[in-house]
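Asks: Take this structure first; my questions come after.
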Amino acid sequence: MGSRRHKNKQRDPPTLEEFQAKKSYNKKDSKSKRVSSHDDKNKNDTKKRTRTEYTETSEAPKGTKKSKKVVEKDTAENEDDLPEVDLKELANAKKTLFDDSEEEEEEEEEEEVDQDLQDEFDLEQEYENESFDEDTGAGKKDNTWSDDEDEEAIEELNAANMEALSQKLDEEQALEDEEAEQELLEAGKLQPRATDILPTEEQQSLEEQMQPDLTAIRTRMIEVVKVLEDFKNMGDQSRSRSEYVDRLLKDICKYFGYTPFLAEKLFNLFSPAEAMEFFEANEIARPITIRTNTLKTRRRDLAQALVNRGVNLQPIGNWTKVGLQIFDSQVPVGATPEYLAGNYILQAASSFLPVVALDPQENERVLDMASAPGGKTTYISALMKNTGCVFANDANKARTKSLIANIHRLGCSNTIVCNYDAREFPKVIGGFDRVLLDAPCSGTGVIGKDQSVKVSRTEKDFMQIPHLQKQLLLSAIDSVDCNSKTGGVIVYSTCSVAVEEDEAVIDYALRKRPNVKLVDTGLQIGKEAFTSFRGKKFHPSVSLARRYYPHTYNVDGFFVAKFVKTGPSKFDDNKASAYEKEAAARQEALEEGIIHDDFASFEEDEDEKYITKAKKHGLLKKGVNPKAKK
Ligand SMILES: C[S@@+](CC[C@H](N)C(=O)[O-])C[C@H]1O[C@@H](n2cnc3c(N)ncnc32)[C@H](O)[C@@H]1O
């Protein structure tokens, strides 16, 4: 499969103003923006393609898609014993038989004047040079058409080839016309002739046998998207819309490397043009971001300390007071003295959002149901200023090691780590003021980080995972104290954009637990969740949940929903027994050695070694001898 991973420079995450500006875009604006961005891409791509095809075939200096098609068609014609049409031969023949050096000079001058055609001009020069390359033998045949030939021979050859030549010239003219049309298309002045966008069956089978031409596939995807956006006016009358969609999906699989199943699932979330933006964004890793640990430092001080070490950074945006985006760094960001001292944690910007929505308050009792490796737990703990109690649970014991390490490093002293299948809550313990369920998911929002998702996720996953998520969400709801004076809140989040794992799960919870309602997340950014999707209708309040996409906010794909519990249910556990269980849990943890008296203390001696080492490393990287410095 010919997948292609871009290495584009990352965009900055948007500021609040940008977010708001985006939000207030009307549909028309965003549509026109999308189209123009595709136009630009198309334009660039055409230039790129010109070069690629020339290199590949060494015979189509003006290598547009049409040129390629003609070459392919020629092959087919050869197979049918039709006159050979060889563009290289044609160009050379033209050069000698119809040579007019003055005309050629004029042409060259014209081409020099026209900056837009510069690439093509370069290619023609290369082409001409190649025709006489003695080393490679390329252009040997050209001698047949050398000026040294006597007139008779030329005439003979001329007669024999006249028919083929005139055909070739016609085709060259057609190529030029096509290029002119293409330029107009790119300039948005003409609609594409949709008739030749979709390949014929023959062309398709030929394509299947060849190495995928990614640039040509990309161009076709853009063309098909344009047709799909205005099918009535631009679609080929003899082709159905679904034929275009099928072609586009096949091309998406080839170009980006998705399984047909996942490509279609993700494609269906968006308009064709937006789907392309989504797939493109998944080819780029999101920016590196860190969260200031306000238990230990302030963002301003942290930023200053890191800048002094050669880290290039800036605040993420107005919606967070603790996030910093790292552009580049002369030191490993995961091993600076500030990192080791727990002044920050490497954390994706999207991962802040569920905690902001949870809005934990001081002295509350909070459950983080699926918490490893602890990015959100430690943020909750910091917002609570180490007061109250945070139960950090995860079913995977191995993962609780990194959870514990992060809790230690960041100095979270109000945290209890536990290792249950969260479906056992509230039997384990209930009566919480707030519960966060950052659910295990398929990861379709984080493909930029984990490309394996493109091929590893199957239909079964999108049945099994939502099933678990629904069970977990009911447990989360039942673990909350509806009489909490300060809370009674449940936040559900995933790093998946699949409707089955998002809207369908919260809609299910609303139906199964009428004692909860969805409320505004309080988040300043995010798109409204779906209230209907491919024939499925969800509760209207589902629109209060928020969706995040890599192509809209340059954050991981994410989903956040916030519930408030309005009344008890027979499945709840009461708060009194919860306190007893909390005491028992603390005792158990003490006995098992998961927590101990100095649970959240900072091991100064232990860390001193690492801090010194990191300092030395930093100096060495700057070319300073650490010993000389002493
Ligand atoms: C998305 S990750 C959590 C990330 C974490 N909230 C953070 O911010 O660092 C999902 C977690 O759910 C855990 N998990 C999976 N099934 C679970 C279950 N039945 N009960 C509790 N945790 C579970 C996984 O081990 C995994 O650590």
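Convention: chains lettered A, B, ... in structure tokens order; per-chain residue numbering from 1; ligands numbered from 1 as shown.
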Determine, for each residue of region 187-298 of chain A having at least one atom at most 12 Å from an atom of region 352-375 of chain A, the closest pair of atoms and their separation in Å to one decimal, counting only C-alpha atoms; order by chain and ascending number, as a Markdown table.
Replies:
| residue | atom | partner | partner_atom | distance |
| --- | --- | --- | --- | --- |
| A:Thr289 | CA | A:Phe352 | CA | 10.5 |
| A:Ile290 | CA | A:Phe352 | CA | 10.1 |
| A:Arg291 | CA | A:Phe352 | CA | 8.3 |
| A:Thr292 | CA | A:Phe352 | CA | 11.2 |
| A:Asn293 | CA | A:Gly375 | CA | 10.6 |
Asks: What lies within 10 Å of Ile197 (chain A) using only C-alpha atoms, ignoring chain neighbours under 4 positions off, as a list in words?
Replies: Pro192, Arg193, Thr219, Arg220, Met221, Glu223, Val224, Val227, Gly235, Asp236, Tyr244 and Arg247 of chain A
Asks: With N, CA and C atoms kept, could you save the residues just selected as a CSV table (one decimal), in the first residue's frame?
Replies:
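Full text of out_32.csv as output:
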chain,number,residue,atom,x,y,z
A,192,PRO,N,-14.2,21.5,-14.0
A,192,PRO,CA,-13.5,20.4,-14.6
A,192,PRO,C,-14.4,19.6,-15.5
A,193,ARG,N,-13.8,19.0,-16.6
A,193,ARG,CA,-14.6,18.2,-17.4
A,193,ARG,C,-14.6,16.8,-16.7
A,219,THR,N,-4.0,14.1,-7.1
A,219,THR,CA,-4.7,15.1,-8.0
A,219,THR,C,-6.2,14.6,-8.2
A,220,ARG,N,-6.3,13.3,-8.5
A,220,ARG,CA,-7.6,12.7,-8.7
A,220,ARG,C,-8.5,12.9,-7.5
A,221,MET,N,-8.0,12.7,-6.3
A,221,MET,CA,-8.8,12.9,-5.1
A,221,MET,C,-9.3,14.3,-5.1
A,223,GLU,N,-9.8,16.3,-7.5
A,223,GLU,CA,-10.8,16.5,-8.6
A,223,GLU,C,-12.1,15.9,-8.2
A,224,VAL,N,-12.1,14.7,-7.6
A,224,VAL,CA,-13.3,14.0,-7.3
A,224,VAL,C,-14.0,14.7,-6.2
A,227,VAL,N,-15.9,17.5,-7.6
A,227,VAL,CA,-17.2,17.0,-8.3
A,227,VAL,C,-18.2,16.7,-7.2
A,235,GLY,N,-20.8,16.7,-12.0
A,235,GLY,CA,-20.7,15.2,-12.2
A,235,GLY,C,-20.9,14.8,-13.6
A,236,ASP,N,-20.2,13.7,-14.0
A,236,ASP,CA,-20.4,13.1,-15.3
A,236,ASP,C,-21.8,12.4,-15.3
A,244,TYR,N,-18.2,7.9,-7.8
A,244,TYR,CA,-17.1,8.9,-7.4
A,244,TYR,C,-16.7,8.7,-6.0
A,247,ARG,N,-14.5,5.6,-5.8
A,247,ARG,CA,-13.1,5.9,-6.3
A,247,ARG,C,-12.3,6.7,-5.3
Asks: Can you pull out every residue with an atom within 9 Å of ligand 1? Use only C-alpha atoms and all ligand atoms and format it as number ranges by chain.
Replies: A: 347, 351-352, 368-379, 393-400, 403, 419-424, 436-441, 443, 468-469, 471-472, 493-495
Asks: Since we have the selection now, will you write its residues out, keeping N, CA and C atoms, as a CSV table (one decimal), in the first residue's frame?
Replies:
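Just written: again.csv:
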chain,number,residue,atom,x,y,z
A,347,GLN,N,2.2,16.7,28.0
A,347,GLN,CA,0.8,16.4,27.9
A,347,GLN,C,0.1,17.0,26.6
A,351,SER,N,-5.8,16.8,25.9
A,351,SER,CA,-6.0,16.1,27.2
A,351,SER,C,-6.2,17.0,28.4
A,352,PHE,N,-6.0,18.3,28.2
A,352,PHE,CA,-6.4,19.2,29.3
A,352,PHE,C,-7.9,19.4,29.3
A,368,ASP,N,-11.0,9.3,39.2
A,368,ASP,CA,-10.5,9.2,37.8
A,368,ASP,C,-10.5,7.7,37.5
A,369,MET,N,-11.5,7.3,36.8
A,369,MET,CA,-11.7,5.8,36.6
A,369,MET,C,-10.7,5.1,35.8
A,370,ALA,N,-10.2,5.7,34.8
A,370,ALA,CA,-9.2,5.1,33.9
A,370,ALA,C,-8.0,6.1,33.7
A,371,SER,N,-7.1,6.0,34.7
A,371,SER,CA,-6.2,7.2,34.9
A,371,SER,C,-4.8,7.1,34.4
A,372,ALA,N,-4.3,5.9,34.1
A,372,ALA,CA,-2.9,5.7,33.8
A,372,ALA,C,-2.6,6.3,32.3
A,373,PRO,N,-1.5,7.0,32.1
A,373,PRO,CA,-0.4,7.2,33.0
A,373,PRO,C,-0.5,8.5,33.9
A,374,GLY,N,-1.7,9.1,34.0
A,374,GLY,CA,-1.9,10.1,35.0
A,374,GLY,C,-1.8,11.6,34.6
A,375,GLY,N,-1.8,11.8,33.3
A,375,GLY,CA,-1.8,13.2,32.9
A,375,GLY,C,-3.0,14.0,33.5
A,376,LYS,N,-4.2,13.4,33.4
A,376,LYS,CA,-5.4,14.1,33.9
A,376,LYS,C,-5.5,14.0,35.4
A,377,THR,N,-5.1,12.9,36.0
A,377,THR,CA,-5.1,12.8,37.5
A,377,THR,C,-4.3,13.9,38.1
A,378,THR,N,-3.1,14.1,37.6
A,378,THR,CA,-2.2,15.1,38.2
A,378,THR,C,-2.7,16.5,38.0
A,379,TYR,N,-3.4,16.7,36.9
A,379,TYR,CA,-4.0,18.0,36.6
A,379,TYR,C,-5.1,18.2,37.6
A,393,ASN,N,-7.7,5.4,39.4
A,393,ASN,CA,-7.8,3.9,39.2
A,393,ASN,C,-7.4,3.6,37.7
A,394,ASP,N,-6.8,2.4,37.6
A,394,ASP,CA,-6.6,1.9,36.2
A,394,ASP,C,-6.6,0.4,36.3
A,395,ALA,N,-7.3,-0.3,35.3
A,395,ALA,CA,-7.4,-1.7,35.3
A,395,ALA,C,-6.1,-2.4,35.0
A,396,ASN,N,-5.2,-1.7,34.3
A,396,ASN,CA,-3.9,-2.3,33.9
A,396,ASN,C,-2.8,-2.0,34.9
A,397,LYS,N,-2.5,-3.1,35.6
A,397,LYS,CA,-1.5,-2.9,36.7
A,397,LYS,C,-0.2,-2.3,36.2
A,398,ALA,N,0.3,-2.8,35.1
A,398,ALA,CA,1.6,-2.4,34.6
A,398,ALA,C,1.6,-0.9,34.3
A,399,ARG,N,0.4,-0.4,33.9
A,399,ARG,CA,0.3,1.0,33.6
A,399,ARG,C,0.3,1.9,34.8
A,400,THR,N,-0.1,1.3,36.0
A,400,THR,CA,-0.2,2.1,37.2
A,400,THR,C,1.2,2.5,37.6
A,403,LEU,N,1.8,5.7,36.2
A,403,LEU,CA,0.8,6.6,37.0
A,403,LEU,C,1.4,7.0,38.3
A,419,ASN,N,-6.4,-0.3,41.5
A,419,ASN,CA,-6.2,-1.1,40.3
A,419,ASN,C,-7.4,-2.1,40.2
A,420,TYR,N,-8.6,-1.5,39.8
A,420,TYR,CA,-9.8,-2.2,39.6
A,420,TYR,C,-10.2,-2.1,38.1
A,421,ASP,N,-11.0,-3.1,37.7
A,421,ASP,CA,-11.8,-2.9,36.5
A,421,ASP,C,-12.9,-1.9,37.0
A,422,ALA,N,-12.9,-0.8,36.3
A,422,ALA,CA,-13.7,0.3,36.8
A,422,ALA,C,-15.2,0.0,36.7
A,423,ARG,N,-15.6,-1.1,36.0
A,423,ARG,CA,-17.0,-1.5,36.1
A,423,ARG,C,-17.4,-2.0,37.4
A,424,GLU,N,-16.4,-2.2,38.3
A,424,GLU,CA,-16.7,-2.6,39.7
A,424,GLU,C,-17.1,-1.5,40.5
A,436,LEU,N,-14.3,11.4,36.6
A,436,LEU,CA,-13.9,11.5,35.2
A,436,LEU,C,-13.7,10.1,34.6
A,437,LEU,N,-14.4,9.9,33.5
A,437,LEU,CA,-14.1,8.6,32.7
A,437,LEU,C,-13.5,9.0,31.4
A,438,ASP,N,-12.2,8.9,31.4
A,438,ASP,CA,-11.4,9.1,30.2
A,438,ASP,C,-11.3,7.7,29.6
A,439,ALA,N,-12.2,7.3,28.8
A,439,ALA,CA,-12.4,5.9,28.5
A,439,ALA,C,-11.4,5.3,27.6
A,440,PRO,N,-11.1,4.0,27.8
A,440,PRO,CA,-10.3,3.3,26.7
A,440,PRO,C,-11.1,3.4,25.4
A,441,CYS,N,-10.3,3.6,24.3
A,441,CYS,CA,-11.0,3.8,23.0
A,441,CYS,C,-10.2,3.3,21.9
A,443,GLY,N,-8.9,5.1,19.5
A,443,GLY,CA,-7.7,5.9,19.1
A,443,GLY,C,-7.8,6.6,17.8
A,468,LEU,N,-17.9,-1.8,26.2
A,468,LEU,CA,-17.2,-1.5,27.5
A,468,LEU,C,-17.4,-0.1,27.9
A,469,GLN,N,-17.3,0.9,27.0
A,469,GLN,CA,-17.5,2.3,27.3
A,469,GLN,C,-18.9,2.5,28.0
A,471,GLN,N,-20.7,0.4,29.6
A,471,GLN,CA,-20.7,-0.2,31.0
A,471,GLN,C,-20.0,0.7,32.0
A,472,LEU,N,-18.8,1.2,31.5
A,472,LEU,CA,-18.0,2.1,32.3
A,472,LEU,C,-18.8,3.4,32.7
A,493,SER,N,-14.9,11.2,28.3
A,493,SER,CA,-14.1,11.7,27.2
A,493,SER,C,-13.5,10.5,26.5
A,494,THR,N,-13.2,10.7,25.2
A,494,THR,CA,-12.4,9.7,24.5
A,494,THR,C,-11.4,10.4,23.5
A,495,CYS,N,-10.4,9.7,23.1
A,495,CYS,CA,-9.6,10.2,22.0
A,495,CYS,C,-10.0,9.6,20.7
Asks: Using only C-alpha atoms, find the one residue out of A:Gln587, A:Thr444, A:Asn318, A:Ser541 that sits nearest to Glu501 (chain A).
Replies: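 Looking only at the distances to Glu501 (chain A), the closest residue turns out to be A:Thr444.
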Asks: Just to confirm, what's the straight-line distance from CA of Asp433 (chain A) to CA of Thr486 (chain A) in Å (one decimal)?
Replies: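 A separation of 7.0 Å between them.
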Asks: Would you please work out which residue, of A:Leu295, A:Met234, A:Leu249, A:Ile326, is nearest to Gly310 (chain A) when using only C-alpha atoms?
Replies: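 Comparing A:Leu295, A:Met234, A:Leu249, A:Ile326 against Gly310 (chain A), the winner is A:Ile326.
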Asks: I'd like the interatomic distance between CA of Gly445 (chain A) and CA of Ile490 (chain A), to a tenth of an Å.
Replies: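 Pair CA of Gly445 (chain A) / CA of Ile490 (chain A) returns 21.6 Å.
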Asks: In region 173-342 of chain A, what's helix (DSSP H, G or I) per DSSP? Answer as a PyMOL selection string?
Replies: chain A and resi 173-186+194-196+201-209+214-229+231-234+241-256+260-267+272-281+299-308+333-335+337-340
Asks: Can you pull out every residue from region 281-322 of chain A that DSSP, working from the backbone, puts in strand (DSSP E or B), and format the result as a list in words?
Replies: Ile288, Thr289, Ile290, Arg291, Thr292, Val311, Asn312, Leu313, Gln314 and Pro315 of chain A
Asks: For the residues selected in the previous step, produce a file with N, CA and C atoms as a compact mmCIF listing (two decimals), in the first residue's frame.
Replies:
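Just written: part28.txt:
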# COMPACT_ATOMS: atom_id res chain seq x y z
N ILE A 288 4.26 19.49 20.17
CA ILE A 288 4.61 19.03 21.52
C ILE A 288 4.13 20.08 22.50
N THR A 289 3.38 19.65 23.50
CA THR A 289 2.88 20.60 24.50
C THR A 289 3.20 20.08 25.90
N ILE A 290 3.35 21.01 26.82
CA ILE A 290 3.57 20.63 28.22
C ILE A 290 2.56 21.36 29.11
N ARG A 291 2.29 20.77 30.26
CA ARG A 291 1.40 21.43 31.22
C ARG A 291 2.21 21.80 32.46
N THR A 292 2.10 23.06 32.85
CA THR A 292 2.78 23.53 34.05
C THR A 292 2.13 22.86 35.26
N VAL A 311 15.08 26.31 25.20
CA VAL A 311 13.81 25.78 24.69
C VAL A 311 13.02 26.93 24.08
N ASN A 312 12.55 26.70 22.87
CA ASN A 312 11.77 27.72 22.17
C ASN A 312 10.29 27.39 22.37
N LEU A 313 9.56 28.26 23.04
CA LEU A 313 8.18 27.91 23.40
C LEU A 313 7.27 29.13 23.39
N GLN A 314 5.97 28.85 23.52
CA GLN A 314 5.01 29.94 23.69
C GLN A 314 3.74 29.38 24.32
N PRO A 315 2.93 30.22 24.98
CA PRO A 315 1.69 29.72 25.56
C PRO A 315 0.81 29.09 24.49
Asks: Env of Tyr344 (chain A): 10 Å cut, atoms = only C-alpha atoms, seq-sep filter 2 positions within chain, self excluded. Answer as a list in words.
Replies: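 Non-adjacent residues within range: Ile290, Arg291, Thr292, Asn293, Thr294, Leu295, Lys296, Thr297, Arg298, Arg299, Leu302, Val322, Gly323, Leu324, Val333, Gly334, Glu338, Tyr339, Leu340, Ala341, Gly342, Leu346, Gln347, Arg409 and Leu410 of chain A.
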Asks: Looking at A:Gly567, A:Pro260, A:Gly557, A:Pro212, which one is nearest to Asn282 (chain A), with distances taken over only C-alpha atoms?
Replies: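 The shortest atom-to-atom distance to Asn282 (chain A) comes from A:Gly557.
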Asks: List the spatial neighbours of Thr259 (chain A) as a ChimeraX atom specification - criterion: any atom at most 9 Å away, only C-alpha atoms, same-chain residues fewer than 6 positions off excluded.
Replies: /A:253,454-458
Asks: Go ahead and save the residues from that selection, with N, CA and C atoms, as a PDB file, in the first residue's frame.
Replies:
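Once everything was written out, this is again_12.pdb:
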ATOM      1  N   CYS A 253      -7.468   5.085   0.604  1.00  0.00           N
ATOM      2  CA  CYS A 253      -6.785   3.899   1.154  1.00  0.00           C
ATOM      3  C   CYS A 253      -5.368   3.795   0.598  1.00  0.00           C
ATOM      4  N   LYS A 454      -4.608   3.020  11.561  1.00  0.00           N
ATOM      5  CA  LYS A 454      -5.131   2.998  10.190  1.00  0.00           C
ATOM      6  C   LYS A 454      -5.453   1.591   9.701  1.00  0.00           C
ATOM      7  N   VAL A 455      -4.688   0.633  10.182  1.00  0.00           N
ATOM      8  CA  VAL A 455      -4.883  -0.740   9.684  1.00  0.00           C
ATOM      9  C   VAL A 455      -5.322  -1.725  10.757  1.00  0.00           C
ATOM     10  N   SER A 456      -5.203  -1.310  12.024  1.00  0.00           N
ATOM     11  CA  SER A 456      -5.441  -2.313  13.068  1.00  0.00           C
ATOM     12  C   SER A 456      -6.900  -2.382  13.527  1.00  0.00           C
ATOM     13  N   ARG A 457      -7.660  -1.331  13.316  1.00  0.00           N
ATOM     14  CA  ARG A 457      -9.024  -1.304  13.852  1.00  0.00           C
ATOM     15  C   ARG A 457     -10.012  -2.011  12.932  1.00  0.00           C
ATOM     16  N   THR A 458     -10.819  -2.878  13.531  1.00  0.00           N
ATOM     17  CA  THR A 458     -11.777  -3.650  12.737  1.00  0.00           C
ATOM     18  C   THR A 458     -13.198  -3.333  13.203  1.00  0.00           C
TER      19      THR A 458
END
Asks: Which is closest to Gly388 (chain A) among A:Ala584, A:Ile284, A:Cys412, A:Leu474, if we use only C-alpha atoms?
Replies: A:Cys412
Asks: Return the single residue from A:Pro287, A:Pro426, A:Pro272, A:Gly257 that is closest to Phe327 (chain A), with distances computed using only C-alpha atoms.
Replies: A:Pro287
Asks: Given only C-alpha atoms, how would the per-residue table for region 410-448 of chain A near region 543-555 of chain A read, listing every residue at most 10 Å away with its closest atom pair and distance in Å to one decimal, sorted by chain and number, as CSV?
Replies:
residue,atom,partner,partner_atom,distance
A:Gly445,CA,A:Tyr549,CA,7.2
A:Val446,CA,A:Pro550,CA,8.5
A:Ile447,CA,A:Pro550,CA,9.5
A:Gly448,CA,A:Pro550,CA,8.4
